[in-house]
Amino acid sequence: MNFSAFSLRSTGWLVLACGVAALFGTGCVEESSHSHTEVAREAPDALKVVFTYGSEKEKWIDVMTAEFNAAGHETTSGQPIVVEAIAMGSGECVDEILNDKREVHITSPASAVFISLGNAESQTKLGRDLVGPTQDLVLSPVVIAMWKPMAEALGWPDKALGWREVHEMALNEQGWASLNYPQWGRFRFGHTHPEYSNSGIISLIAETYAGAGKQRGLTLADVADPKTGQYLEEIEKAIVHYGRSTGFFGRKMFSTGPEYLSAAVLYENMVIESCDKEGLPFPVVAIYPKEGTFYSDHPIGIVDRDHVTADHRAAAEKYIAFLTAPDQQERSMEFGFRPADVTIELNERFTAQFGVDPQQPQTTLEVPDVAVTQAILELWHERKKKSNVVLVLDTSGSMKHESKMANAKGGARQLIEMLGDEDSFSFLPFNDNATLWVMRNEKVGQKRDEANRQIGSLFANGGTALYDAIIEGHRHIAETDATDRINAIVVLSDGADRDSKQKLEKVISVIAADAESASGGVRVFTIGYGSGALADVLGRIADASRGKYYEGTPENIEKIFKEISTFF
Amino acid sequence: MSTDDGPSLTFLGKLFLLFFVAVCAAGAWWLFTREDGAVSGGPGPDPDPGTGEQVDPGNQTVVRIAYGTEKKRWLIWAVEEFEKTRDGKNIEIELLGMGSIEGARATVAGDPQIHVWSPASAAYVDVFRNQWELEHGGDPILHMEDLALTPMVYVMWKDRYDAFVAHYGELNFDTVAEALAEPGGWGTIANKPEWGFFKFGHTDPNKSNSGLLSLVLMAHHFHDKTTSLEMADIVNPDFQTWLRSIEGNVSGLIHSTGTMMRDMVLKGPSTYDVIFVYENLAIDYLKNAEGRWGQLHVVYPKLNAWNANPYCIIDAPWSTDRERKAARTFLDFLMTEPIQAQSLTHGFRPGNAAVPVIGPESPLELYAKYGLRVDVPAVTEPPRGDAINNLLTGWQRIRSAN
């Protein structure tokens, strides 16, 4: 080999190749698509940019953020940039910044409604906006997702459907039997909690517009009109429960089937994604309400707070530019989103084959001003479906340890704080005795202090008769016969059942039979508290009732109770 | 979150490996950056790889330009081209997209410190000069030159346009007023209740030039005149009543014309049936609209106004000579034939007279089937500052009463 014939540049390539070969040879080259959190741990001197966003777009953001972080972006001074993207409810995105719970640099709730509300509150509090100018990331219209045969029974697609049909079915005591489908039972509807979830607040605003017979210019007088309140209340009668997460509704609807929900307010992209799932009893279609709907346009903006430095701002602009670049925009369609980049045509996933219509929505509603939106929320609190909640709380001896009892009390108080004045509350603390009711069917508004005192009076002692306690709670609700309410049992236990007379299979069969009843049954939310709790047992109990299971710790128990509260 | 279960090194092993790789990379870099047979000249500004000229990244001049978003796409492209030139290595252009009138206010306020104001038209220049005189004294504009021209147009979804003219005969401000007042909406106009109410949009006249021109051209239409508006025209009670019938039901009223056009194409006919914007935006977005919703149609009002996109170099207390010269350098670049020719692609009529408007590549001819035309009907004289101020005051009162 004649080295003199090599140019310096060729030698450079050779030397570089040696270095790269060393990395590959030792197996120290890691996969290129790190999760953003892993990259953060390996680059402790990186400039961390915290991005909180509405969880509707979690799948797309996860993939995009991993790619951005893997690409090795740097500030002008050479500091690596790492984006930590955190999914949450849209309301939480705003709430965390307003209350200084987290130092956030970029935020993207699911719609501009939350930006407006957040900026208004921030102006009142601090005389400055919460978020600077925003731009849309992706779009997805808010739709009423309905099982296709049910939509067809209502006249779709020849007839344009909307809130009018939802209202009529909510009032119809015969349910689907009135359309010759008795096997489908009552009309069961769902939307999320409007204070925590974008689709929830959108549902309410759309119902209010429909009730007022308008598409724009909604006023305080419209909201205050008794006819509007009555219309809203009548639709809310069909609600099975609320909840924090639109994703949860979608997943439950698709996995459980029409016996759980006839229809729910979801996003168009979730209807498209449902076509990728196997085992659905029927296809799901998107109804674009004829009275009008909203786009969820996922605005993204840089937070206006002092902790956002010039470097953070520059890094944030790079990340936003990345998300809005054509390649990333094109890939949002894989997740059912309409790109905000107008140069990109919608692909084949936006067709009737996927249950959607690219020529819809034909009518969108004007975002009302902040005062009207706040009035709508107050109206909802008055007119929402009320709850009948039973708290079944483990007070066995093992709850003494690791501050479990103290923190469980804090969580229970959180539940009491979040229930409405007209909600009904019953309290069954249990150990090896599962019949010691301390409160039964009390109106929360009248007995809130009493409930807190009862919670505060608990101490840990005795065994664990978990199954008997759940059956007792269930029996109590059945006797109460409050079919016009959301009936729920919240169960917290830190260990295995040792003292019940009843067996687990009895609990499951009682709950499951009730869940299939015409009224939709009692939802059981179970919290497995600490390492001794049996996740599989509590999970089965929750699933049998179409409720939800949570893994609780003394650190997260208050947050769990808060989340459970959003179902009511 | 995944974890890697492959073989792992000790800390010392990792340190050694890192050192080895760093040495390889440093050596490779040193070899790459040396020219064969060349000798390094020591520390100094980076040589321009294209020209060998010295570029000093620490000594760049920043020129901050507040511009109306109707020319966003063209300007962003132009800045990217400028960055490839010798001048572009030493001058950094910072584009601040905002409504034309917003830009004027920000320039007067000095927040941010703007070196160039480029609104969509000269309509607000008089008012801007007056505001500057009050705040800073003197004439703010060192040099003003028209970058690219565009008239105003109605942009409407074709199927809705056909239905509209079938009912009303013509699209103009009078028929728009009638349609806005129609309680049955499209159900009455075209037997299409699923289209909802008739929706006409323009931008906020307090913030955006096209919004202001909407009001100005409404006034010209009402009084059927092309000469400059008088105060008597503005305070005419019949005109104010007629204006209220439109402005009480108008949609949009956002600060950016570019954003309004984009929203129409992105979100479809559910947001607007028709908007009143610049011709260039219609041209810029025609194909995108077809890719999402369907065909657009363009109609020119009988009485129109030119938006010449003046580039105004500001004589500001915060501007240095260097920044003013840099602003002029960028202006000269924007007026060169290749850059002006590209403005045609984005729907503008070039400010450089050497670049022809007509020709087989001209969008005005290529897209004639969408209603575009080379000749523009009668053009009105620009209004005076006092007429504009009173027009805006009257409008504000209409909106407050709503």
# chains A, B, ... in the order shown; residues from 1 in each chain; ligands from 1

call {"tool": "residues_around", "arguments": {"residues": "A:Leu458", "least_positions_apart": "2", "cutoff": "9 Å", "atoms": "only C-alpha atoms", "output": "list in words"}}
result
Thr395, Met405, Lys409, Pro429, Gln454, Ile455, Gly456 and Ala460 of chain A

call {"tool": "residues_around", "arguments": {"residues": "B:Tyr278", "least_positions_apart": "6", "cutoff": "6 Å", "atoms": "only C-alpha atoms", "output": "list of chain:residue names"}}
result
B:Pro151, B:Met152, B:Val153

call {"tool": "select_by_dssp", "arguments": {"residues": "stretch 61-308 of chain A", "states": "helix (DSSP H, G or I)", "output": "MDAnalysis selection string"}}
result
chainID A and resid 61:70 90:98 112:126 148:153 163:171 175:179 182:184 198:212 220:224 226:236 246:256 268:274

call {"tool": "atom_distance", "arguments": {"atom1": "atom CA of B:Tyr367", "atom2": "atom CA of B:Ala282"}}
result
10.4 Å

call {"tool": "atom_distance", "arguments": {"atom1": "atom CA of B:Trp157", "atom2": "atom CA of B:Glu290"}}
result
10.1 Å

call {"tool": "atom_distance", "arguments": {"atom1": "atom CA of B:Leu217", "atom2": "atom CA of B:Glu170"}}
result
16.8 Å

call {"tool": "residues_around", "arguments": {"residues": "A:Gln359", "least_positions_apart": "4", "cutoff": "10 Å", "atoms": "only C-alpha atoms", "output": "list in words"}}
result
Phe350 and Thr351 of chain A; Lys267, Gly268, Pro269, Ser270, Arg292, Trp293 and Gly294 of chain B

call {"tool": "write_last_selection", "arguments": {"atoms": "C-alpha atoms", "output": "mmCIF file, in the first residue's frame"}}
result
data_model
loop_
_atom_site.group_PDB
_atom_site.id
_atom_site.type_symbol
_atom_site.label_atom_id
_atom_site.label_comp_id
_atom_site.auth_asym_id
_atom_site.auth_seq_id
_atom_site.Cartn_x
_atom_site.Cartn_y
_atom_site.Cartn_z
ATOM 1 C CA PHE A 350 -59.320 9.698 6.048
ATOM 2 C CA THR A 351 -62.057 7.850 4.216
ATOM 3 C CA LYS B 267 -60.407 23.791 8.452
ATOM 4 C CA GLY B 268 -62.590 24.103 5.389
ATOM 5 C CA PRO B 269 -65.981 25.669 4.712
ATOM 6 C CA SER B 270 -67.082 25.161 8.320
ATOM 7 C CA ARG B 292 -58.044 19.125 1.405
ATOM 8 C CA TRP B 293 -61.545 20.374 0.624
ATOM 9 C CA GLY B 294 -62.181 21.454 -2.929
#

call {"tool": "residues_around", "arguments": {"residues": "A:Val50", "least_positions_apart": "3", "cutoff": "12 Å", "atoms": "only C-alpha atoms", "output": "ChimeraX atom specification"}}
result
/A:36-37,40,47,53,65,81-87,93,97,102-108,302-303,307-308,312-313,315-316,319

call {"tool": "write_last_selection", "arguments": {"atoms": "C-alpha atoms", "output": "PDB file, in the first residue's frame"}}
result
ATOM      1  CA  HIS A  36     -36.293  11.178  25.957  1.00  0.00           C
ATOM      2  CA  THR A  37     -35.947  10.328  29.632  1.00  0.00           C
ATOM      3  CA  ALA A  40     -31.673  13.009  29.877  1.00  0.00           C
ATOM      4  CA  LEU A  47     -30.426  21.797  28.645  1.00  0.00           C
ATOM      5  CA  TYR A  53     -49.149  18.381  26.416  1.00  0.00           C
ATOM      6  CA  THR A  65     -39.636  13.450  20.721  1.00  0.00           C
ATOM      7  CA  ILE A  81     -30.837  19.899  24.129  1.00  0.00           C
ATOM      8  CA  VAL A  82     -33.126  17.273  25.605  1.00  0.00           C
ATOM      9  CA  VAL A  83     -36.894  17.566  25.513  1.00  0.00           C
ATOM     10  CA  GLU A  84     -38.833  15.897  28.286  1.00  0.00           C
ATOM     11  CA  ALA A  85     -42.374  15.467  26.994  1.00  0.00           C
ATOM     12  CA  ILE A  86     -45.029  14.772  29.618  1.00  0.00           C
ATOM     13  CA  ALA A  87     -48.574  13.786  28.663  1.00  0.00           C
ATOM     14  CA  CYS A  93     -51.248  21.519  31.417  1.00  0.00           C
ATOM     15  CA  ILE A  97     -48.092  26.413  35.114  1.00  0.00           C
ATOM     16  CA  ARG A 102     -43.702  22.467  37.554  1.00  0.00           C
ATOM     17  CA  GLU A 103     -41.238  24.547  35.519  1.00  0.00           C
ATOM     18  CA  VAL A 104     -42.628  24.065  32.062  1.00  0.00           C
ATOM     19  CA  HIS A 105     -41.081  25.613  28.954  1.00  0.00           C
ATOM     20  CA  ILE A 106     -43.494  24.564  26.203  1.00  0.00           C
ATOM     21  CA  THR A 107     -47.105  23.517  26.472  1.00  0.00           C
ATOM     22  CA  SER A 108     -49.721  22.176  24.087  1.00  0.00           C
ATOM     23  CA  ILE A 302     -43.637  28.807  24.654  1.00  0.00           C
ATOM     24  CA  VAL A 303     -44.550  29.493  28.275  1.00  0.00           C
ATOM     25  CA  HIS A 307     -37.732  30.404  34.286  1.00  0.00           C
ATOM     26  CA  VAL A 308     -37.848  30.220  30.480  1.00  0.00           C
ATOM     27  CA  HIS A 312     -34.809  27.527  26.574  1.00  0.00           C
ATOM     28  CA  ARG A 313     -36.687  29.701  24.127  1.00  0.00           C
ATOM     29  CA  ALA A 315     -34.340  25.268  22.047  1.00  0.00           C
ATOM     30  CA  ALA A 316     -38.136  25.317  22.202  1.00  0.00           C
ATOM     31  CA  TYR A 319     -38.357  21.563  18.763  1.00  0.00           C
TER      32      TYR A 319
END

call {"tool": "closest_residue", "arguments": {"among": "B:Arg349, B:Arg328, B:Arg105, B:Lys72", "to": "B:Trp306", "atoms": "only C-alpha atoms"}}
result
B:Arg349

call {"tool": "residues_around", "arguments": {"residues": "stretch 128-135 of chain A", "least_positions_apart": "6", "cutoff": "6 Å", "atoms": "only C-alpha atoms", "output": "list in words"}}
result
Asn119, Ser122, Pro299, Ile300, Gly301, Ile302, Val303 and Asp304 of chain A

call {"tool": "write_last_selection", "arguments": {"atoms": "N, CA and C atoms", "output": "CSV table (one decimal), in the first residue's frame"}}
result
chain,number,residue,atom,x,y,z
A,119,ASN,N,-54.6,32.0,29.7
A,119,ASN,CA,-54.1,33.4,29.6
A,119,ASN,C,-54.9,34.4,30.4
A,122,SER,N,-54.0,34.0,34.0
A,122,SER,CA,-52.7,34.4,34.3
A,122,SER,C,-52.6,36.0,34.3
A,299,PRO,N,-52.8,23.6,19.9
A,299,PRO,CA,-51.9,24.7,19.7
A,299,PRO,C,-50.7,24.5,20.6
A,300,ILE,N,-49.5,24.9,20.1
A,300,ILE,CA,-48.3,24.8,20.9
A,300,ILE,C,-47.6,26.1,21.1
A,301,GLY,N,-47.2,26.4,22.2
A,301,GLY,CA,-46.5,27.7,22.5
A,301,GLY,C,-45.5,27.7,23.6
A,302,ILE,N,-44.7,28.7,23.6
A,302,ILE,CA,-43.6,28.8,24.7
A,302,ILE,C,-44.2,29.5,25.9
A,303,VAL,N,-44.0,29.0,27.0
A,303,VAL,CA,-44.6,29.5,28.3
A,303,VAL,C,-43.9,30.9,28.6
A,304,ASP,N,-44.8,31.8,29.0
A,304,ASP,CA,-44.3,33.1,29.4
A,304,ASP,C,-44.0,33.2,30.9

call {"tool": "closest_residue", "arguments": {"among": "B:Val62, B:Ala289, B:Leu243, B:Ala316", "to": "chain A", "atoms": "only C-alpha atoms"}}
result
B:Ala289

call {"tool": "closest_residue", "arguments": {"among": "A:Phe51, A:Tyr295, A:Trp163, A:Phe354", "to": "A:Ser199", "atoms": "only C-alpha atoms"}}
result
A:Tyr295

call {"tool": "closest_residue", "arguments": {"among": "A:Lys290, A:Asp297, A:Phe322, A:Pro149", "to": "A:Asn69", "atoms": "only C-alpha atoms"}}
result
A:Phe322
